[in-house]
Amino acid sequence: MSKTALITGVTGQDGSYLAELLLGKGYTVHGLVRRSSSFNTERIDHIYQGPQTFERRLILHHADLSDGVALVNLLREVNPDEVYNLGAQSHVRVSFDAPLYTGDVTGLGALRLLEAIRASGVPARVYQASSSEMFGAAPPPQHEGTPFHPRSPYGCAKVFSYWSTVNYREAYGMFAVNGILFNHESPRRGETFVTRKITRAVARIRAGLQDKLYLGNLDAVRDWGYAPEYVEAMWRMLQREVPDDYVVATGDAARVRDFLAEAFAAADLEWTDHVRFDPKYERPSEVDALIGDAGKARETLGWEPRVRWRELARLMVAADITALEDELSGARVRVDR
Ligand code: NDP
Ligand code: GDR
């Protein structure tokens, strides 16, 4: 019997890769999509199947993590074997501007989903997208036993959703796990996160469409991995016999300025000619260094990262150059729904 999964955040970077992965494994995939006044399904257009498709295996539903009743109804309708909670207001800088909204969707949203699973009586396994941002000010390397010290409303919300997941596991015997994922990027990364902001700018500067790129703190250290590899780790966590929490990271670290240099060099450009500082992009409290120790995931899940940050920077630049050339030549066509 093929399995059924429900993914919140299916329109996001990770949701799109996870949907591809699960469809490839024969799953029927249901995705929760929030209503938007413009199209927000660009990342999954290539796998979308319309309602008229015979035996379709990707089915989208309108709902929202702020609407607990809709979550209960959706769970009853879909009756999934696995639920992946990837939906969130996921931008750390934005969480300082919209702290309550972030707490509601990113923090309480996870609890609403857990409670909806419990209330609907669906015996689903659940994955919670926890984050290295929970470690915040705790010095690297960070692992599953490192105490949390979040530095943003987003980080605080993720700590709440982390402990809610642990609590539902302990209180109700639910198969609920936290993947504590360090930064992971791809050509589908949101355009306002620093890696994609840089690689998009490189493509545009190279094409003569832009000259300057404005950034904030260039000294932050991050452990950047490749998103398609990270969604594989999510799936592996739900295939174990016993629910547990895992750090997923490469263990390699670089500063924002190192990523910058690599990305600009990939297009034969010098970053210092183009990059300028704008305090607008600084955070009221910064996370200085995140470097993960994924030893437990390696040993227990057999999960290994392959792509490291230098290769990642280059593959993202190459993808943005191709995407821009397609856009300029009119080859990119929007799918109508
Ligand atoms: P994205 O920002 O790309 O995607 C977030 C998804 O959540 C989108 O599908 C978005 O919908 C959806 N969403 C936002 N608000 C709501 C809401 N109110 N109700 C339902 N859905 C909502 O994030 P990523 O794919 O990068 O990350 C996936 C998850 O993993 C997030 O929870 C993130 O916080 C977490 N995470 C990410 C890491 C990373 O490096 N990428 C590292 C660690 C954790 P829409 O498309 O309409 O905006
Ligand atoms: P992060 O990712 O905050 O780590 O959260 P982001 O790419 O936004 O920032 C990384 C570092 O770069 C610095 N920075 C800038 N960041 C942005 N966005 N824009 C800029 O112009 C800029 N200039 C410098 C930041 O200060 C920061 O130090 C991501 C998100 O995906 C979270 O959802 C996830 O939980 C964590 O990764 C792990």
# chains A, B, ... in the order shown; residues from 1 in each chain; ligands from 1
call {"tool": "residues_around", "arguments": {"residues": "segment 290-300 of chain A", "least_positions_apart": "3", "cutoff": "7 Å", "atoms": "only C-alpha atoms", "output": "number ranges by chain"}}
result
A: 140-143, 182, 221-223, 246-253, 303-304
call {"tool": "residues_around", "arguments": {"residues": "Pro80 of chain A", "least_positions_apart": "2", "cutoff": "7 Å", "atoms": "only C-alpha atoms", "output": "PyMOL selection string"}}
result
chain A and resi 4-6+75+78+82-83+124
call {"tool": "write_last_selection", "arguments": {"atoms": "N, CA and C atoms", "output": "PDB file, in the first residue's frame"}}
result
ATOM      1  N   THR A   4       0.530   7.970   2.401  1.00  0.00           N
ATOM      2  CA  THR A   4      -0.003   9.316   2.174  1.00  0.00           C
ATOM      3  C   THR A   4       0.691  10.289   3.122  1.00  0.00           C
ATOM      4  N   ALA A   5       1.135  11.417   2.569  1.00  0.00           N
ATOM      5  CA  ALA A   5       1.788  12.442   3.395  1.00  0.00           C
ATOM      6  C   ALA A   5       1.052  13.765   3.258  1.00  0.00           C
ATOM      7  N   LEU A   6       1.077  14.533   4.329  1.00  0.00           N
ATOM      8  CA  LEU A   6       0.580  15.910   4.290  1.00  0.00           C
ATOM      9  C   LEU A   6       1.762  16.832   4.578  1.00  0.00           C
ATOM     10  N   LEU A  75      -7.002  17.120   8.268  1.00  0.00           N
ATOM     11  CA  LEU A  75      -6.424  15.838   8.704  1.00  0.00           C
ATOM     12  C   LEU A  75      -7.450  14.712   8.583  1.00  0.00           C
ATOM     13  N   VAL A  78      -7.767  13.896   4.817  1.00  0.00           N
ATOM     14  CA  VAL A  78      -6.599  13.313   4.142  1.00  0.00           C
ATOM     15  C   VAL A  78      -6.144  12.008   4.796  1.00  0.00           C
ATOM     16  N   GLU A  82       1.974  10.300   7.326  1.00  0.00           N
ATOM     17  CA  GLU A  82       3.065  11.179   7.762  1.00  0.00           C
ATOM     18  C   GLU A  82       2.670  12.641   7.544  1.00  0.00           C
ATOM     19  N   VAL A  83       2.997  13.471   8.526  1.00  0.00           N
ATOM     20  CA  VAL A  83       2.753  14.911   8.411  1.00  0.00           C
ATOM     21  C   VAL A  83       4.099  15.625   8.565  1.00  0.00           C
ATOM     22  N   ALA A 124      -0.998   9.612  12.642  1.00  0.00           N
ATOM     23  CA  ALA A 124       0.095  10.024  11.755  1.00  0.00           C
ATOM     24  C   ALA A 124       1.392  10.251  12.532  1.00  0.00           C
TER      25      ALA A 124
END
call {"tool": "select_by_dssp", "arguments": {"residues": "segment 113-313 of chain A", "states": "alpha helix (DSSP H)", "output": "PyMOL selection string"}}
result
chain A and resi 113-120+153-172+194-206+227-238+256-266+295-296+309-313
call {"tool": "select_by_dssp", "arguments": {"residues": "segment 64-218 of chain A", "states": "strand (DSSP E)", "output": "list of chain:residue names"}}
result
A:Glu82, A:Val83, A:Tyr84, A:Asn85, A:Arg125, A:Val126, A:Tyr127, A:Gln128, A:Ala129, A:Ser130, A:Ser131, A:Ala176, A:Val177, A:Asn178, A:Gly179, A:Ile180, A:Leu181, A:His184, A:Glu185, A:Leu213, A:Tyr214, A:Leu215
call {"tool": "closest_atom_pairs", "arguments": {"of": "chain A", "to": "ligand 2", "cutoff": "8 Å", "atoms": "only C-alpha atoms and all ligand atoms", "output": "Markdown table"}}
result
| residue | atom | partner | partner_atom_place_in_ligand_line | distance |
| --- | --- | --- | --- | --- |
| A:Ala88 | CA | ligand 2 | 33 (O) | 8.0 |
| A:Gln89 | CA | ligand 2 | 33 (O) | 7.6 |
| A:Ser90 | CA | ligand 2 | 33 (O) | 3.9 |
| A:His91 | CA | ligand 2 | 33 (O) | 5.3 |
| A:Val92 | CA | ligand 2 | 3 (O) | 4.9 |
| A:Arg93 | CA | ligand 2 | 8 (O) | 6.7 |
| A:Ser130 | CA | ligand 2 | 35 (O) | 7.1 |
| A:Ser131 | CA | ligand 2 | 35 (O) | 4.4 |
| A:Ser132 | CA | ligand 2 | 38 (C) | 5.0 |
| A:Glu133 | CA | ligand 2 | 38 (C) | 5.3 |
| A:Tyr154 | CA | ligand 2 | 33 (O) | 7.8 |
| A:Gly155 | CA | ligand 2 | 35 (O) | 7.5 |
| A:Leu181 | CA | ligand 2 | 38 (C) | 6.4 |
| A:Phe182 | CA | ligand 2 | 38 (C) | 4.7 |
| A:Asn183 | CA | ligand 2 | 38 (C) | 4.1 |
| A:His184 | CA | ligand 2 | 37 (O) | 7.1 |
| A:Thr192 | CA | ligand 2 | 18 (N) | 5.3 |
| A:Phe193 | CA | ligand 2 | 7 (O) | 3.7 |
| A:Val194 | CA | ligand 2 | 7 (O) | 3.8 |
| A:Thr195 | CA | ligand 2 | 7 (O) | 5.9 |
| A:Arg196 | CA | ligand 2 | 7 (O) | 7.8 |
| A:Lys197 | CA | ligand 2 | 19 (N) | 7.0 |
| A:Tyr214 | CA | ligand 2 | 21 (O) | 6.3 |
| A:Leu215 | CA | ligand 2 | 21 (O) | 3.7 |
| A:Gly216 | CA | ligand 2 | 23 (N) | 3.5 |
| A:Asn217 | CA | ligand 2 | 24 (C) | 4.2 |
| A:Leu218 | CA | ligand 2 | 24 (C) | 5.3 |
| A:Asp219 | CA | ligand 2 | 28 (O) | 7.5 |
| A:Ala220 | CA | ligand 2 | 28 (O) | 4.5 |
| A:Val221 | CA | ligand 2 | 28 (O) | 6.9 |
| A:Arg222 | CA | ligand 2 | 4 (O) | 6.8 |
| A:Val256 | CA | ligand 2 | 12 (O) | 5.9 |
| A:Asp278 | CA | ligand 2 | 21 (O) | 7.9 |
| A:Tyr281 | CA | ligand 2 | 21 (O) | 4.9 |
| A:Glu282 | CA | ligand 2 | 26 (O) | 5.5 |
| A:Arg283 | CA | ligand 2 | 26 (O) | 6.1 |
| A:Glu286 | CA | ligand 2 | 28 (O) | 6.3 |
| A:Val287 | CA | ligand 2 | 28 (O) | 6.0 |
| A:Asp288 | CA | ligand 2 | 28 (O) | 6.5 |
call {"tool": "write_last_selection", "arguments": {"atoms": "N, CA and C atoms", "output": "short mmCIF file (atom, residue, chain, number, x, y, z; two decimals), in the first residue's frame"}}
result
data_model
loop_
_atom_site.label_atom_id
_atom_site.label_comp_id
_atom_site.auth_asym_id
_atom_site.auth_seq_id
_atom_site.Cartn_x
_atom_site.Cartn_y
_atom_site.Cartn_z
N ALA A 88 5.87 28.09 7.93
CA ALA A 88 6.35 29.05 8.95
C ALA A 88 6.54 30.42 8.33
N GLN A 89 6.49 31.46 9.16
CA GLN A 89 7.09 32.74 8.79
C GLN A 89 8.56 32.50 9.10
N SER A 90 9.37 32.28 8.07
CA SER A 90 10.69 31.70 8.28
C SER A 90 11.83 32.71 8.20
N HIS A 91 11.51 33.99 8.03
CA HIS A 91 12.58 34.99 7.87
C HIS A 91 12.93 35.62 9.23
N VAL A 92 14.18 35.46 9.62
CA VAL A 92 14.62 35.91 10.95
C VAL A 92 14.50 37.43 11.09
N ARG A 93 14.99 38.18 10.08
CA ARG A 93 14.92 39.66 10.16
C ARG A 93 13.46 40.12 10.23
N SER A 130 12.39 22.08 12.98
CA SER A 130 13.10 22.90 13.96
C SER A 130 14.37 23.46 13.33
N SER A 131 15.01 24.38 14.05
CA SER A 131 16.05 25.18 13.40
C SER A 131 17.27 25.40 14.28
N SER A 132 18.42 25.53 13.64
CA SER A 132 19.65 25.90 14.35
C SER A 132 19.52 27.28 15.00
N GLU A 133 18.56 28.10 14.55
CA GLU A 133 18.34 29.41 15.18
C GLU A 133 17.96 29.26 16.66
N TYR A 154 11.69 34.74 15.86
CA TYR A 154 11.63 33.49 15.09
C TYR A 154 12.26 32.34 15.89
N GLY A 155 13.45 32.59 16.43
CA GLY A 155 14.13 31.55 17.21
C GLY A 155 13.31 31.14 18.43
N LEU A 181 17.54 21.56 11.70
CA LEU A 181 18.30 21.76 10.48
C LEU A 181 19.05 23.08 10.50
N PHE A 182 20.31 23.00 10.10
CA PHE A 182 21.12 24.20 9.90
C PHE A 182 20.79 24.76 8.51
N ASN A 183 21.27 25.97 8.22
CA ASN A 183 20.90 26.64 6.97
C ASN A 183 21.10 25.72 5.76
N HIS A 184 20.09 25.66 4.92
CA HIS A 184 20.24 24.91 3.68
C HIS A 184 19.59 25.69 2.55
N THR A 192 15.09 36.67 -0.52
CA THR A 192 15.58 37.63 0.47
C THR A 192 16.50 36.98 1.51
N PHE A 193 16.75 35.70 1.42
CA PHE A 193 17.77 35.07 2.29
C PHE A 193 19.14 35.36 1.67
N VAL A 194 20.17 35.43 2.50
CA VAL A 194 21.40 36.07 2.04
C VAL A 194 22.06 35.35 0.86
N THR A 195 22.07 34.01 0.86
CA THR A 195 22.75 33.30 -0.23
C THR A 195 22.09 33.60 -1.58
N ARG A 196 20.77 33.49 -1.60
CA ARG A 196 20.06 33.70 -2.87
C ARG A 196 20.08 35.16 -3.28
N LYS A 197 20.02 36.04 -2.28
CA LYS A 197 20.11 37.48 -2.58
C LYS A 197 21.43 37.75 -3.30
N TYR A 214 23.26 45.67 -1.66
CA TYR A 214 23.29 46.17 -0.29
C TYR A 214 23.04 45.04 0.69
N LEU A 215 23.97 44.87 1.63
CA LEU A 215 23.89 43.79 2.61
C LEU A 215 24.13 44.33 4.02
N GLY A 216 23.84 43.46 5.01
CA GLY A 216 24.09 43.81 6.41
C GLY A 216 25.40 43.21 6.90
N ASN A 217 25.31 42.43 7.97
CA ASN A 217 26.50 41.88 8.64
C ASN A 217 27.19 40.79 7.80
N LEU A 218 28.42 41.05 7.40
CA LEU A 218 29.15 40.10 6.55
C LEU A 218 29.99 39.11 7.36
N ASP A 219 30.01 39.30 8.69
CA ASP A 219 30.89 38.46 9.52
C ASP A 219 30.19 37.27 10.15
N ALA A 220 28.87 37.19 9.98
CA ALA A 220 28.14 36.04 10.54
C ALA A 220 28.66 34.76 9.91
N VAL A 221 28.80 33.73 10.74
CA VAL A 221 29.28 32.42 10.28
C VAL A 221 28.09 31.48 10.19
N ARG A 222 27.95 30.80 9.06
CA ARG A 222 26.87 29.84 8.88
C ARG A 222 27.41 28.54 8.29
N VAL A 256 29.61 35.13 5.80
CA VAL A 256 28.85 35.66 4.67
C VAL A 256 29.82 36.21 3.63
N ASP A 278 24.26 48.30 4.25
CA ASP A 278 23.04 49.03 4.61
C ASP A 278 22.58 48.49 5.96
N TYR A 281 19.67 45.96 6.94
CA TYR A 281 19.69 44.49 6.89
C TYR A 281 20.32 43.85 8.13
N GLU A 282 20.71 44.71 9.10
CA GLU A 282 21.22 44.16 10.36
C GLU A 282 20.06 43.76 11.25
N ARG A 283 20.33 42.86 12.20
CA ARG A 283 19.29 42.44 13.14
C ARG A 283 19.53 43.07 14.51
N GLU A 286 22.01 39.54 16.79
CA GLU A 286 22.49 38.66 15.71
C GLU A 286 22.90 37.30 16.26
N VAL A 287 22.86 36.31 15.42
CA VAL A 287 23.43 34.98 15.73
C VAL A 287 24.79 34.94 15.03
N ASP A 288 25.85 34.92 15.83
CA ASP A 288 27.19 35.09 15.25
C ASP A 288 27.70 33.86 14.52
#
call {"tool": "residues_around", "arguments": {"residues": "segment 170-178 of chain A", "least_positions_apart": "3", "cutoff": "12 Å", "atoms": "only C-alpha atoms", "output": "VMD selection string"}}
result
chain A and resid 81 to 86 110 to 111 113 to 115 117 to 119 121 to 132 134 144 158 to 167 181 233 to 248 297
call {"tool": "residues_around", "arguments": {"residues": "segment 259-275 of chain A", "least_positions_apart": "3", "cutoff": "10 Å", "atoms": "only C-alpha atoms", "output": "PyMOL selection string"}}
result
chain A and resi 194-195+198-203+205-206+210-215+218+221-222+224+254-256+278+309-318+321
call {"tool": "write_last_selection", "arguments": {"atoms": "C-alpha atoms", "output": "PDB file, in the first residue's frame"}}
result
ATOM      1  CA  VAL A 194      21.403  36.073   2.045  1.00  0.00           C
ATOM      2  CA  THR A 195      22.752  33.300  -0.232  1.00  0.00           C
ATOM      3  CA  ILE A 198      23.812  37.271  -3.432  1.00  0.00           C
ATOM      4  CA  THR A 199      23.599  34.723  -6.262  1.00  0.00           C
ATOM      5  CA  ARG A 200      20.664  36.554  -7.915  1.00  0.00           C
ATOM      6  CA  ALA A 201      22.588  39.807  -7.696  1.00  0.00           C
ATOM      7  CA  VAL A 202      25.666  38.170  -9.265  1.00  0.00           C
ATOM      8  CA  ALA A 203      23.566  37.087 -12.264  1.00  0.00           C
ATOM      9  CA  ILE A 205      25.344  42.416 -12.218  1.00  0.00           C
ATOM     10  CA  ARG A 206      26.920  40.122 -14.799  1.00  0.00           C
ATOM     11  CA  GLN A 210      22.289  46.011 -11.530  1.00  0.00           C
ATOM     12  CA  ASP A 211      25.518  47.470 -10.172  1.00  0.00           C
ATOM     13  CA  LYS A 212      25.264  47.521  -6.376  1.00  0.00           C
ATOM     14  CA  LEU A 213      24.212  44.947  -3.797  1.00  0.00           C
ATOM     15  CA  TYR A 214      23.292  46.173  -0.286  1.00  0.00           C
ATOM     16  CA  LEU A 215      23.887  43.788   2.612  1.00  0.00           C
ATOM     17  CA  LEU A 218      29.147  40.095   6.553  1.00  0.00           C
ATOM     18  CA  VAL A 221      29.277  32.417  10.276  1.00  0.00           C
ATOM     19  CA  ARG A 222      26.866  29.835   8.880  1.00  0.00           C
ATOM     20  CA  TRP A 224      25.303  26.102   4.589  1.00  0.00           C
ATOM     21  CA  ALA A 254      31.977  30.071   6.294  1.00  0.00           C
ATOM     22  CA  ARG A 255      31.345  33.771   6.802  1.00  0.00           C
ATOM     23  CA  VAL A 256      28.845  35.662   4.667  1.00  0.00           C
ATOM     24  CA  ASP A 278      23.042  49.030   4.615  1.00  0.00           C
ATOM     25  CA  TRP A 309      29.189  25.708   0.647  1.00  0.00           C
ATOM     26  CA  ARG A 310      31.679  26.500  -2.155  1.00  0.00           C
ATOM     27  CA  GLU A 311      30.002  24.112  -4.591  1.00  0.00           C
ATOM     28  CA  LEU A 312      26.626  25.361  -3.379  1.00  0.00           C
ATOM     29  CA  ALA A 313      27.549  28.989  -4.138  1.00  0.00           C
ATOM     30  CA  ARG A 314      28.660  28.025  -7.625  1.00  0.00           C
ATOM     31  CA  LEU A 315      25.619  25.899  -8.455  1.00  0.00           C
ATOM     32  CA  MET A 316      23.286  28.667  -7.239  1.00  0.00           C
ATOM     33  CA  VAL A 317      25.093  31.280  -9.355  1.00  0.00           C
ATOM     34  CA  ALA A 318      24.911  29.004 -12.407  1.00  0.00           C
ATOM     35  CA  ILE A 321      22.415  32.981 -14.604  1.00  0.00           C
TER      36      ILE A 321
END
call {"tool": "residues_around", "arguments": {"residues": "Leu18 of chain A", "least_positions_apart": "4", "cutoff": "9 Å", "atoms": "only C-alpha atoms", "output": "PyMOL selection string"}}
result
chain A and resi 7+10+13-14+22-23+228+231-232+234-235
call {"tool": "write_last_selection", "arguments": {"atoms": "N, CA and C atoms", "output": "JSON list (two decimals), in the first residue's frame"}}
result
[["chain", "number", "residue", "atom", "x", "y", "z"],
["A", 7, "ILE", "N", 1.97, 17.82, 3.71],
["A", 7, "ILE", "CA", 3.08, 18.77, 3.89],
["A", 7, "ILE", "C", 2.50, 20.17, 4.07],
["A", 10, "VAL", "N", 4.23, 23.49, 1.58],
["A", 10, "VAL", "CA", 4.59, 22.77, 0.35],
["A", 10, "VAL", "C", 5.05, 23.72, -0.75],
["A", 13, "GLN", "N", 10.70, 26.44, -0.26],
["A", 13, "GLN", "CA", 11.88, 25.73, -0.78],
["A", 13, "GLN", "C", 11.85, 24.24, -0.41],
["A", 14, "ASP", "N", 11.79, 23.96, 0.89],
["A", 14, "ASP", "CA", 11.89, 22.57, 1.34],
["A", 14, "ASP", "C", 10.66, 21.77, 0.95],
["A", 22, "LEU", "N", 8.94, 12.52, -2.11],
["A", 22, "LEU", "CA", 7.90, 11.58, -1.70],
["A", 22, "LEU", "C", 7.13, 11.04, -2.92],
["A", 23, "LEU", "N", 6.88, 11.89, -3.90],
["A", 23, "LEU", "CA", 6.21, 11.41, -5.13],
["A", 23, "LEU", "C", 7.08, 10.34, -5.78],
["A", 228, "PRO", "N", 18.05, 19.80, -1.19],
["A", 228, "PRO", "CA", 17.53, 18.47, -1.57],
["A", 228, "PRO", "C", 18.08, 17.35, -0.69],
["A", 231, "VAL", "N", 16.04, 17.36, 2.82],
["A", 231, "VAL", "CA", 14.68, 16.79, 2.89],
["A", 231, "VAL", "C", 14.74, 15.26, 2.97],
["A", 232, "GLU", "N", 15.80, 14.68, 2.43],
["A", 232, "GLU", "CA", 16.00, 13.23, 2.57],
["A", 232, "GLU", "C", 16.16, 12.86, 4.06],
["A", 234, "MET", "N", 14.83, 14.46, 6.56],
["A", 234, "MET", "CA", 13.50, 14.57, 7.19],
["A", 234, "MET", "C", 12.75, 13.24, 7.04],
["A", 235, "TRP", "N", 12.75, 12.72, 5.81],
["A", 235, "TRP", "CA", 12.02, 11.49, 5.53],
["A", 235, "TRP", "C", 12.60, 10.32, 6.35]]
call {"tool": "closest_residue", "arguments": {"among": "A:Gly9, A:Pro147, A:Gly15, A:Gly50", "to": "Leu32 of chain A", "atoms": "only C-alpha atoms"}}
result
A:Gly9
call {"tool": "closest_residue", "arguments": {"among": "A:Pro139, A:Pro99, A:Gly31, A:Gly302", "to": "ligand 1", "atoms": "only C-alpha atoms and all ligand atoms"}}
result
A:Gly31
call {"tool": "closest_residue", "arguments": {"among": "A:Gly12, A:Gly330, A:Gly179, A:Pro187", "to": "ligand 1", "atoms": "only C-alpha atoms and all ligand atoms"}}
result
A:Gly12
call {"tool": "closest_residue", "arguments": {"among": "A:Phe54, A:Tyr27, A:Tyr101, A:Tyr168", "to": "ligand 1", "atoms": "only C-alpha atoms and all ligand atoms"}}
result
A:Tyr101
call {"tool": "residues_around", "arguments": {"residues": "Gly103 of chain A", "least_positions_apart": "5", "cutoff": "8 Å", "atoms": "only C-alpha atoms", "output": "PyMOL selection string"}}
result
chain A and resi 108+153-154+156-157
call {"tool": "write_last_selection", "arguments": {"atoms": "C-alpha atoms", "output": "PDB file, in the first residue's frame"}}
result
ATOM      1  CA  LEU A 108       1.562  28.241  17.949  1.00  0.00           C
ATOM      2  CA  PRO A 153      11.259  36.151  17.800  1.00  0.00           C
ATOM      3  CA  TYR A 154      11.630  33.487  15.093  1.00  0.00           C
ATOM      4  CA  CYS A 156      11.874  31.831  20.265  1.00  0.00           C
ATOM      5  CA  ALA A 157       8.885  30.582  18.260  1.00  0.00           C
TER       6      ALA A 157
END
call {"tool": "closest_residue", "arguments": {"among": "A:Arg34, A:Arg56, A:Arg308, A:Arg204", "to": "ligand 1", "atoms": "only C-alpha atoms and all ligand atoms"}}
result
A:Arg34
call {"tool": "closest_residue", "arguments": {"among": "A:His61, A:Lys3, A:Lys280, A:Arg169", "to": "ligand 1", "atoms": "only C-alpha atoms and all ligand atoms"}}
result
A:His61
call {"tool": "atom_distance", "arguments": {"atom1": "atom CA of Val29 of chain A", "atom2": "atom CA of Asp320 of chain A"}}
result
28.4 Å
call {"tool": "atom_distance", "arguments": {"atom1": "atom 44 (C, counted along the ligand's line) of ligand 1", "atom2": "atom CA of Val307 of chain A"}}
result
17.9 Å
call {"tool": "atom_distance", "arguments": {"atom1": "atom CA of Ser2 of chain A", "atom2": "atom CA of Gly26 of chain A"}}
result
6.1 Å
call {"tool": "decode", "arguments": {"residues": "segment 111-167 of chain A", "atoms": "C-alpha atoms", "output": "PDB file, in the first residue's frame"}}
result
ATOM      1  CA  LEU A 111       1.017  23.288  18.424  1.00  0.00           C
ATOM      2  CA  ARG A 112      -2.252  23.740  16.522  1.00  0.00           C
ATOM      3  CA  LEU A 113      -1.141  21.047  14.108  1.00  0.00           C
ATOM      4  CA  LEU A 114      -0.094  18.645  16.880  1.00  0.00           C
ATOM      5  CA  GLU A 115      -3.379  19.200  18.684  1.00  0.00           C
ATOM      6  CA  ALA A 116      -5.291  18.765  15.405  1.00  0.00           C
ATOM      7  CA  ILE A 117      -3.579  15.399  14.881  1.00  0.00           C
ATOM      8  CA  ARG A 118      -4.483  14.360  18.412  1.00  0.00           C
ATOM      9  CA  ALA A 119      -8.074  15.669  18.191  1.00  0.00           C
ATOM     10  CA  SER A 120      -8.745  14.096  14.794  1.00  0.00           C
ATOM     11  CA  GLY A 121      -7.451  10.732  16.006  1.00  0.00           C
ATOM     12  CA  VAL A 122      -5.329  10.294  12.864  1.00  0.00           C
ATOM     13  CA  PRO A 123      -2.395   7.986  13.774  1.00  0.00           C
ATOM     14  CA  ALA A 124       0.095  10.024  11.755  1.00  0.00           C
ATOM     15  CA  ARG A 125       3.826  10.387  12.364  1.00  0.00           C
ATOM     16  CA  VAL A 126       4.847  14.032  12.480  1.00  0.00           C
ATOM     17  CA  TYR A 127       8.013  15.893  11.521  1.00  0.00           C
ATOM     18  CA  GLN A 128       8.602  19.369  12.974  1.00  0.00           C
ATOM     19  CA  ALA A 129      10.945  21.711  11.083  1.00  0.00           C
ATOM     20  CA  SER A 130      13.101  22.895  13.963  1.00  0.00           C
ATOM     21  CA  SER A 131      16.046  25.179  13.403  1.00  0.00           C
ATOM     22  CA  SER A 132      19.649  25.903  14.349  1.00  0.00           C
ATOM     23  CA  GLU A 133      18.337  29.407  15.182  1.00  0.00           C
ATOM     24  CA  MET A 134      17.177  27.860  18.487  1.00  0.00           C
ATOM     25  CA  PHE A 135      20.868  27.628  19.499  1.00  0.00           C
ATOM     26  CA  GLY A 136      21.357  31.328  18.785  1.00  0.00           C
ATOM     27  CA  ALA A 137      24.081  32.569  21.119  1.00  0.00           C
ATOM     28  CA  ALA A 138      25.282  29.099  22.228  1.00  0.00           C
ATOM     29  CA  PRO A 139      28.858  28.675  20.938  1.00  0.00           C
ATOM     30  CA  PRO A 140      29.586  26.173  18.139  1.00  0.00           C
ATOM     31  CA  PRO A 141      29.734  23.341  17.399  1.00  0.00           C
ATOM     32  CA  GLN A 142      26.060  22.828  18.281  1.00  0.00           C
ATOM     33  CA  HIS A 143      24.523  19.376  18.707  1.00  0.00           C
ATOM     34  CA  GLU A 144      21.315  17.808  20.083  1.00  0.00           C
ATOM     35  CA  GLY A 145      22.436  18.400  23.693  1.00  0.00           C
ATOM     36  CA  THR A 146      23.413  22.077  23.290  1.00  0.00           C
ATOM     37  CA  PRO A 147      21.174  24.368  25.416  1.00  0.00           C
ATOM     38  CA  PHE A 148      18.997  26.742  23.411  1.00  0.00           C
ATOM     39  CA  HIS A 149      19.576  30.511  23.521  1.00  0.00           C
ATOM     40  CA  PRO A 150      17.437  31.999  20.720  1.00  0.00           C
ATOM     41  CA  ARG A 151      18.196  35.535  19.520  1.00  0.00           C
ATOM     42  CA  SER A 152      15.048  36.472  17.581  1.00  0.00           C
ATOM     43  CA  PRO A 153      11.259  36.151  17.800  1.00  0.00           C
ATOM     44  CA  TYR A 154      11.630  33.487  15.093  1.00  0.00           C
ATOM     45  CA  GLY A 155      14.134  31.549  17.212  1.00  0.00           C
ATOM     46  CA  CYS A 156      11.874  31.831  20.265  1.00  0.00           C
ATOM     47  CA  ALA A 157       8.885  30.582  18.260  1.00  0.00           C
ATOM     48  CA  LYS A 158      10.932  27.603  17.039  1.00  0.00           C
ATOM     49  CA  VAL A 159      11.932  26.759  20.623  1.00  0.00           C
ATOM     50  CA  PHE A 160       8.225  26.721  21.529  1.00  0.00           C
ATOM     51  CA  SER A 161       7.365  24.427  18.600  1.00  0.00           C
ATOM     52  CA  TYR A 162      10.363  22.191  19.409  1.00  0.00           C
ATOM     53  CA  TRP A 163       9.227  21.635  23.010  1.00  0.00           C
ATOM     54  CA  SER A 164       5.580  21.252  21.974  1.00  0.00           C
ATOM     55  CA  THR A 165       6.679  18.408  19.689  1.00  0.00           C
ATOM     56  CA  VAL A 166       8.691  16.742  22.475  1.00  0.00           C
ATOM     57  CA  ASN A 167       5.747  17.203  24.841  1.00  0.00           C
TER      58      ASN A 167
END
